[in-house]
Structure formats: structure tokens, C-alpha cells
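Here is protein-v5.pdb, consisting of PDB, C-alpha atoms:
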```pdb
ATOM      1  CA  MET I 128    -124.153 -93.053  94.234
ATOM      2  CA  ALA I 129    -121.018 -92.334  92.280
ATOM      3  CA  LEU I 130    -117.311 -92.797  92.670
ATOM      4  CA  ARG I 131    -115.448 -89.549  93.199
ATOM      5  CA  THR I 132    -111.862 -88.808  92.266
ATOM      6  CA  VAL I 133    -109.542 -88.661  95.270
ATOM      7  CA  LEU I 134    -107.262 -85.623  95.156
ATOM      8  CA  THR I 135    -103.537 -86.084  95.680
ATOM      9  CA  SER I 136    -101.187 -84.004  97.795
ATOM     10  CA  GLU I 137    -100.213 -81.720  94.910
ATOM     11  CA  GLN I 138    -103.697 -80.195  94.906
ATOM     12  CA  GLU I 139    -104.290 -76.995  96.936
ATOM     13  CA  THR I 140    -107.768 -77.954  98.128
ATOM     14  CA  LEU I 141    -106.259 -80.446 100.595
ATOM     15  CA  TYR I 142    -104.518 -77.633 102.483
ATOM     16  CA  LYS I 143    -107.596 -75.464 103.035
ATOM     17  CA  LYS I 144    -109.993 -75.442 106.000
ATOM     18  CA  SER I 145    -113.426 -76.911 105.421
ATOM     19  CA  ARG I 146    -116.655 -75.055 106.121
ATOM     20  CA  GLU I 147    -119.357 -76.183 108.527
ATOM     21  CA  ILE I 148    -122.361 -77.982 107.087
ATOM     22  CA  THR I 149    -125.535 -76.013 107.816
ATOM     23  CA  LYS I 150    -127.978 -77.609 105.344
ATOM     24  CA  PHE I 151    -128.642 -81.318 105.714
ATOM     25  CA  ASP I 152    -130.268 -81.713 102.331
ATOM     26  CA  ALA I 153    -130.141 -84.003  99.285
ATOM     27  CA  ARG I 154    -126.784 -82.522  98.179
ATOM     28  CA  ILE I 155    -125.138 -83.470 101.480
ATOM     29  CA  HIS I 156    -126.779 -86.901 101.403
ATOM     30  CA  GLN I 157    -125.397 -87.413  97.884
ATOM     31  CA  LEU I 158    -121.922 -86.270  98.961
ATOM     32  CA  VAL I 159    -121.895 -88.682 101.911
ATOM     33  CA  ASP I 160    -123.205 -91.565  99.775
ATOM     34  CA  ASP I 161    -120.562 -90.893  97.119
ATOM     35  CA  MET I 162    -117.842 -90.666  99.789
ATOM     36  CA  LYS I 163    -118.937 -94.017 101.260
ATOM     37  CA  GLU I 164    -118.853 -95.689  97.856
ATOM     38  CA  THR I 165    -115.478 -94.137  97.043
ATOM     39  CA  LEU I 166    -114.062 -95.244 100.397
ATOM     40  CA  LEU I 167    -115.301 -98.820 100.071
ATOM     41  CA  LYS I 168    -113.977 -99.159  96.500
ATOM     42  CA  SER I 169    -110.598 -97.656  97.464
ATOM     43  CA  GLY I 170    -109.734-100.185 100.136
ATOM     44  CA  GLY I 171    -109.068 -97.335 102.581
ATOM     45  CA  VAL I 172    -110.454 -96.910 106.088
ATOM     46  CA  GLY I 173    -111.324 -93.202 106.085
ATOM     47  CA  LEU I 174    -112.147 -90.362 103.709
ATOM     48  CA  ALA I 175    -112.784 -86.652 104.237
ATOM     49  CA  ALA I 176    -114.768 -84.379 101.898
ATOM     50  CA  PRO I 177    -111.709 -82.238 100.978
ATOM     51  CA  GLN I 178    -110.120 -85.383  99.538
ATOM     52  CA  VAL I 179    -112.883 -85.462  96.924
ATOM     53  CA  GLY I 180    -112.643 -81.713  96.299
ATOM     54  CA  VAL I 181    -115.445 -80.527  98.607
ATOM     55  CA  LEU I 182    -114.531 -78.111 101.405
ATOM     56  CA  ARG I 183    -117.248 -79.210 103.804
ATOM     57  CA  ARG I 184    -116.859 -80.796 107.249
ATOM     58  CA  ALA I 185    -117.839 -84.355 106.307
ATOM     59  CA  VAL I 186    -115.950 -87.557 107.097
ATOM     60  CA  VAL I 187    -116.623 -91.260 106.613
ATOM     61  CA  VAL I 188    -114.699 -93.889 108.584
ATOM     62  CA  LEU I 189    -114.814 -97.668 108.311
ATOM     63  CA  GLU I 190    -115.405 -99.208 111.732
ATOM     64  CA  THR I 191    -113.125-102.237 111.772
ATOM     65  CA  ASN I 192    -113.464-103.044 115.488
ATOM     66  CA  VAL I 193    -116.244-105.573 115.067
ATOM     67  CA  GLU I 194    -116.783-109.102 116.349
ATOM     68  CA  ASN I 195    -115.756-111.934 114.005
ATOM     69  CA  GLU I 196    -119.228-112.573 112.608
ATOM     70  CA  ASP I 197    -120.218-108.907 112.378
ATOM     71  CA  GLU I 198    -119.627-106.862 109.261
ATOM     72  CA  GLU I 199    -117.552-103.714 109.214
ATOM     73  CA  TYR I 200    -119.649-100.607 108.675
ATOM     74  CA  VAL I 201    -119.164 -96.959 107.735
ATOM     75  CA  ILE I 202    -119.581 -94.201 110.316
ATOM     76  CA  GLU I 203    -120.766 -90.865 108.882
ATOM     77  CA  LEU I 204    -119.510 -87.796 110.764
ATOM     78  CA  LEU I 205    -120.718 -84.331 109.771
ATOM     79  CA  ASN I 206    -119.226 -81.335 111.580
ATOM     80  CA  PRO I 207    -117.158 -83.681 113.789
ATOM     81  CA  GLU I 208    -115.218 -82.498 116.796
ATOM     82  CA  ILE I 209    -112.972 -84.408 119.138
ATOM     83  CA  LEU I 210    -114.285 -84.336 122.711
ATOM     84  CA  GLU I 211    -111.818 -86.594 124.516
ATOM     85  CA  VAL I 212    -108.603 -88.483 123.819
ATOM     86  CA  GLU I 213    -106.921 -91.137 125.920
ATOM     87  CA  GLY I 214    -103.796 -93.271 125.646
ATOM     88  CA  GLU I 215    -101.333 -93.381 122.804
ATOM     89  CA  GLN I 216    -100.541 -95.553 119.809
ATOM     90  CA  GLU I 217     -97.669 -95.299 117.397
ATOM     91  CA  GLY I 218     -97.712 -97.023 114.054
ATOM     92  CA  PRO I 219     -97.800 -96.866 110.285
ATOM     93  CA  GLU I 220    -100.292 -94.522 108.702
ATOM     94  CA  GLY I 221    -101.120 -93.895 105.072
ATOM     95  CA  CYS I 222    -103.558 -91.764 103.109
ATOM     96  CA  LEU I 223    -105.596 -92.163  99.936
ATOM     97  CA  SER I 224    -104.282 -88.723  98.917
ATOM     98  CA  GLU I 225    -100.673 -89.944  99.334
ATOM     99  CA  PRO I 226    -100.785 -93.279  97.477
ATOM    100  CA  ASN I 227     -98.126 -95.827  98.437
ATOM    101  CA  LYS I 228     -96.606 -93.630 101.140
ATOM    102  CA  TYR I 229     -96.618 -94.586 104.797
ATOM    103  CA  GLY I 230     -95.082 -93.060 107.877
ATOM    104  CA  ILE I 231     -94.924 -93.631 111.606
ATOM    105  CA  VAL I 232     -97.425 -91.374 113.416
ATOM    106  CA  LYS I 233     -98.414 -91.071 117.086
ATOM    107  CA  ARG I 234    -102.152 -90.825 117.728
ATOM    108  CA  PRO I 235    -104.436 -91.343 120.730
ATOM    109  CA  MET I 236    -105.565 -94.935 121.408
ATOM    110  CA  ASN I 237    -109.137 -93.827 122.227
ATOM    111  CA  VAL I 238    -111.028 -90.876 120.777
ATOM    112  CA  LYS I 239    -114.564 -89.691 121.551
ATOM    113  CA  VAL I 240    -116.111 -87.565 118.816
ATOM    114  CA  ARG I 241    -119.285 -85.542 118.653
ATOM    115  CA  ALA I 242    -120.830 -85.104 115.218
ATOM    116  CA  GLN I 243    -124.052 -84.747 113.320
ATOM    117  CA  ASP I 244    -125.619 -87.440 111.190
ATOM    118  CA  ARG I 245    -126.887 -86.832 107.663
ATOM    119  CA  ASN I 246    -130.131 -85.410 109.107
ATOM    120  CA  GLY I 247    -128.390 -82.954 111.428
ATOM    121  CA  GLU I 248    -128.932 -84.949 114.638
ATOM    122  CA  TRP I 249    -126.043 -84.794 117.119
ATOM    123  CA  PHE I 250    -124.466 -87.990 118.458
ATOM    124  CA  GLU I 251    -121.259 -89.144 120.144
ATOM    125  CA  TYR I 252    -119.068 -92.076 119.167
ATOM    126  CA  ASP I 253    -116.127 -93.720 120.924
ATOM    127  CA  GLY I 254    -113.408 -95.008 118.635
ATOM    128  CA  GLU I 255    -110.436 -97.117 119.632
ATOM    129  CA  GLY I 256    -107.309 -98.328 117.885
ATOM    130  CA  LEU I 257    -107.554 -97.932 114.123
ATOM    131  CA  THR I 258    -110.909 -96.135 114.370
ATOM    132  CA  ALA I 259    -109.432 -93.567 116.779
ATOM    133  CA  ARG I 260    -106.479 -93.101 114.396
ATOM    134  CA  CYS I 261    -108.887 -92.568 111.499
ATOM    135  CA  PHE I 262    -110.994 -90.057 113.399
ATOM    136  CA  CYS I 263    -107.900 -87.939 114.067
ATOM    137  CA  HIS I 264    -106.515 -88.350 110.548
ATOM    138  CA  GLU I 265    -109.777 -87.432 108.801
ATOM    139  CA  ILE I 266    -110.601 -84.523 111.118
ATOM    140  CA  ASP I 267    -107.080 -83.219 110.398
ATOM    141  CA  HIS I 268    -108.067 -83.186 106.698
ATOM    142  CA  LEU I 269    -110.954 -80.851 107.574
ATOM    143  CA  GLU I 270    -108.360 -78.415 108.947
ATOM    144  CA  GLY I 271    -106.144 -78.706 105.841
ATOM    145  CA  ILE I 272    -103.579 -80.885 107.623
ATOM    146  CA  MET I 273    -101.973 -83.868 105.882
ATOM    147  CA  PHE I 274    -100.622 -86.801 107.898
ATOM    148  CA  THR I 275     -97.164 -86.222 106.431
ATOM    149  CA  SER I 276     -96.829 -83.124 108.629
ATOM    150  CA  LYS I 277     -97.172 -85.380 111.716
ATOM    151  CA  VAL I 278     -94.904 -88.210 110.605
ATOM    152  CA  GLU I 279     -91.948 -89.121 112.792
ATOM    153  CA  ARG I 280     -90.363 -90.858 109.827
ATOM    154  CA  MET I 281     -91.503 -92.165 106.453
ATOM    155  CA  LEU I 282     -91.279 -95.900 105.827
ATOM    156  CA  THR I 283     -88.893 -97.215 103.186
ATOM    157  CA  ASP I 284     -90.133 -99.218 100.198
ATOM    158  CA  GLU I 285     -88.764-102.375 101.849
ATOM    159  CA  GLU I 286     -90.653-101.649 105.089
ATOM    160  CA  ILE I 287     -93.859-101.031 103.123
ATOM    161  CA  LYS I 288     -93.468-104.335 101.231
ATOM    162  CA  GLN I 289     -92.944-106.167 104.538
ATOM    163  CA  MET I 290     -95.978-104.433 106.092
ATOM    164  CA  MET I 291     -98.161-105.452 103.117
ATOM    165  CA  ALA I 292     -96.892-109.040 103.283
ATOM    166  CA  ASP I 293     -97.618-109.184 107.028
ATOM    167  CA  GLU I 294    -101.166-107.869 106.470
ATOM    168  CA  GLU I 295    -101.739-110.450 103.743
ATOM    169  CA  LYS I 296    -100.658-113.245 106.110
ATOM    170  CA  GLU I 297    -103.022-111.948 108.821
ATOM    171  CA  GLU I 298    -105.986-112.004 106.420
ATOM    172  CA  LYS I 299    -105.461-115.713 105.596
TER     173      LYS I 299
END
```
Kindly present the structure from the file in C-alpha cells form.
Amino acid sequence: MALRTVLTSEQETLYKKSREITKFDARIHQLVDDMKETLLKSGGVGLAAPQVGVLRRAVVVLETNVENEDEEYVIELLNPEILEVEGEQEGPEGCLSEPNKYGIVKRPMNVKVRAQDRNGEWFEYDGEGLTARCFCHEIDHLEGIMFTSKVERMLTDEEIKQMMADEEKEEK
């Protein structure tokens, strides 16, 4: 596994559509492993292949909706598609490709996706809350869409500082 460089919004690759994965081979396994490592080291909750310069339909999302004693884990989604959405949530959203920028975005509260695993087997997964938000955000990346195009308003530096302080308090 290796850390990959996360592209920033100035780079064209982020605005292009990704291609379907048709070969579930060692190269794809390596890409997914590298994406997982990059995600976990970044402190983010989701990462799409275009963010590491690869125009393939691959996404990794950290499942944070776990019981207290359970560990968070990474969901691998290859060729993901959204099957169903339900409800609505509105809140701050950021992106590893837009460091230190956050905006208010509306997303569904629940999202069911269908995707393939690293071996090409199809499965479905129901995400809620932050996981649902991440599914939508990362699948948008596969279409060349950045979250900033969906923002109702960007947060000010003061609002970001307060949000970070609130999160720090919650973790203690």
C-alpha cells in the first residue's frame, strides 16, 4: 500500500467523468488499497479515485455509524450507483480536494447504493447520516462534480473554527 497525492480543485482531472471498472485485477486492488490508506491518513471520511488522479469509478467511505465498542471500517464501492434516497439533511460539508473549505449542503438522510466489491461481486449497502452524505459526495466526484457546486453558502473562517472546536469537545 502507498499514500497517494490528493488533487486539489485547480486540477482538471477532478472535473472529468470516470470510466467504469471492467477488470477486477491486481491494479484495481492496489488502487483501492492505496485509496484506503490515503483516506485513513488524511482524517477524511470519503475518497474517490479521481481525487488521486485516476478516472475510474472507485470510492472508499469510512463507515462511522458503528456501536460504541465497534471500530469504524472502510466500505469499498466500485462502479457505485445510487438506488434509493430518503429524507433530507442539511449541514457542513468539506472535501479533501478543497482543504479548509466548508459549505452548507443539502443531501439525503438515507442512501442505498449498489456497487461491486474488489472481486467484481455486486452488493447493496444502506448508508445513513454522514455515510449517506459521503456516498453522494464521492459518487458526485465520479461524475466530475465538486461539492462547491452544490453549496448553499460557504462557511466563514470563524464558523469553521467554531465547528472544529465543537467537534473537539464531542471527541473528549
Under the PyMOL selection byres ((chain I and resi 237) around 10), which residues of this model are included? Write them out as a short mmCIF file (atom, residue, chain, number, x, y, z; two decimals) with C-alpha atoms, keeping the file's coordinate frame.
```
data_model
loop_
_atom_site.label_atom_id
_atom_site.label_comp_id
_atom_site.auth_asym_id
_atom_site.auth_seq_id
_atom_site.Cartn_x
_atom_site.Cartn_y
_atom_site.Cartn_z
CA GLU I 211 -111.82 -86.59 124.52
CA VAL I 212 -108.60 -88.48 123.82
CA GLU I 213 -106.92 -91.14 125.92
CA GLY I 214 -103.80 -93.27 125.65
CA GLU I 215 -101.33 -93.38 122.80
CA GLN I 216 -100.54 -95.55 119.81
CA ARG I 234 -102.15 -90.82 117.73
CA PRO I 235 -104.44 -91.34 120.73
CA MET I 236 -105.56 -94.94 121.41
CA VAL I 238 -111.03 -90.88 120.78
CA LYS I 239 -114.56 -89.69 121.55
CA VAL I 240 -116.11 -87.56 118.82
CA ASP I 253 -116.13 -93.72 120.92
CA GLY I 254 -113.41 -95.01 118.64
CA GLU I 255 -110.44 -97.12 119.63
CA GLY I 256 -107.31 -98.33 117.88
CA LEU I 257 -107.55 -97.93 114.12
CA THR I 258 -110.91 -96.14 114.37
CA ALA I 259 -109.43 -93.57 116.78
CA ARG I 260 -106.48 -93.10 114.40
CA PHE I 262 -110.99 -90.06 113.40
#
```
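Separating atom CA of I:Gly271 from atom CA of I:Leu141 is a distance of 5.5 Å.
Coordinates place atom CA of I:Met281 at a distance of 18.4 Å from atom CA of I:Glu294.
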Practice task
Find the residues around stretch 165-182 of chain I up to 8 Å (only C-alpha atoms counted), leave out those fewer than 3 positions away in its own chain, and share them as an NGL selection string.
Solution key: :I and (129-135 or 140-141 or 143-146 or 158 or 161-162 or 185-190 or 222-224 or 261-262 or 265-266 or 268-269)
Could you turn the residues from that selection into a file that holds C-alpha atoms, as a JSON list (two decimals), in the coordinates of the input?
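result.json was written with the following content:
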```
[["chain", "number", "residue", "atom", "x", "y", "z"],
["I", 129, "ALA", "CA", -121.02, -92.33, 92.28],
["I", 130, "LEU", "CA", -117.31, -92.80, 92.67],
["I", 131, "ARG", "CA", -115.45, -89.55, 93.20],
["I", 132, "THR", "CA", -111.86, -88.81, 92.27],
["I", 133, "VAL", "CA", -109.54, -88.66, 95.27],
["I", 134, "LEU", "CA", -107.26, -85.62, 95.16],
["I", 135, "THR", "CA", -103.54, -86.08, 95.68],
["I", 140, "THR", "CA", -107.77, -77.95, 98.13],
["I", 141, "LEU", "CA", -106.26, -80.45, 100.60],
["I", 143, "LYS", "CA", -107.60, -75.46, 103.04],
["I", 144, "LYS", "CA", -109.99, -75.44, 106.00],
["I", 145, "SER", "CA", -113.43, -76.91, 105.42],
["I", 146, "ARG", "CA", -116.66, -75.06, 106.12],
["I", 158, "LEU", "CA", -121.92, -86.27, 98.96],
["I", 161, "ASP", "CA", -120.56, -90.89, 97.12],
["I", 162, "MET", "CA", -117.84, -90.67, 99.79],
["I", 185, "ALA", "CA", -117.84, -84.36, 106.31],
["I", 186, "VAL", "CA", -115.95, -87.56, 107.10],
["I", 187, "VAL", "CA", -116.62, -91.26, 106.61],
["I", 188, "VAL", "CA", -114.70, -93.89, 108.58],
["I", 189, "LEU", "CA", -114.81, -97.67, 108.31],
["I", 190, "GLU", "CA", -115.40, -99.21, 111.73],
["I", 222, "CYS", "CA", -103.56, -91.76, 103.11],
["I", 223, "LEU", "CA", -105.60, -92.16, 99.94],
["I", 224, "SER", "CA", -104.28, -88.72, 98.92],
["I", 261, "CYS", "CA", -108.89, -92.57, 111.50],
["I", 262, "PHE", "CA", -110.99, -90.06, 113.40],
["I", 265, "GLU", "CA", -109.78, -87.43, 108.80],
["I", 266, "ILE", "CA", -110.60, -84.52, 111.12],
["I", 268, "HIS", "CA", -108.07, -83.19, 106.70],
["I", 269, "LEU", "CA", -110.95, -80.85, 107.57]]
```
Problem - For atom CA of I:Ser276 and atom CA of I:Met291, the interatomic separation in Å (one decimal) - result: 23.0 Å
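Residue neighbourhood of I:Val232, excluding near-sequence residues (fewer than 5 positions): Glu217, Gly218, Val278 and Glu279 of chain I, at 6 Å, using all atoms listed in the file.
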Exercise for the section: Taking the file as shown, find all residues satisfying the PyMOL selection byres ((chain I and resi 150) around 12) and write them as a list of chain:residue names. Expected result: I:Arg146, I:Glu147, I:Ile148, I:Thr149, I:Phe151, I:Asp152, I:Ala153, I:Arg154, I:Ile155, I:His156, I:Arg183, I:Arg184, I:Leu205, I:Asn206, I:Gln243, I:Asp244, I:Arg245, I:Asn246, I:Gly247, I:Glu248
Skipping near chain neighbours, those fewer than 4 positions away, what residues fall within 6 Å of I:Arg241 using all atoms listed in the file, listed as a PDB file with C-alpha atoms, in the coordinates of the input?
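For reference, result-v7.pdb as written:
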```
ATOM      1  CA  PRO I 207    -117.158 -83.681 113.789  1.00  0.00           C
ATOM      2  CA  GLU I 208    -115.218 -82.498 116.796  1.00  0.00           C
ATOM      3  CA  PHE I 250    -124.466 -87.990 118.458  1.00  0.00           C
ATOM      4  CA  GLU I 251    -121.259 -89.144 120.144  1.00  0.00           C
TER       5      GLU I 251
END
```
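Matched in the shown structure by the PyMOL selection byres ((chain I and resi 285-289) around 10): Pro219, Asn227, Lys228, Tyr229, Gly230, Met281, Leu282, Thr283, Asp284, Met290, Met291, Ala292, Asp293, Glu294 and Glu295 of chain I.
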Around stretch 210-225 of chain I, fit a box with edges along x, y and z, padding it by 3 Å on each side, then list its centre and edge lengths in Å to one decimal as AutoDock Vina command-line options.
```
--center_x -106.0 --center_y -90.7 --center_z 112.4 --size_x 22.6 --size_y 18.7 --size_z 33.0
```
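Proximity of I:Leu210, I:Met273, I:Val159, I:Met128 to I:Glu225, computed with all atoms listed in the file, is greatest for I:Met273.
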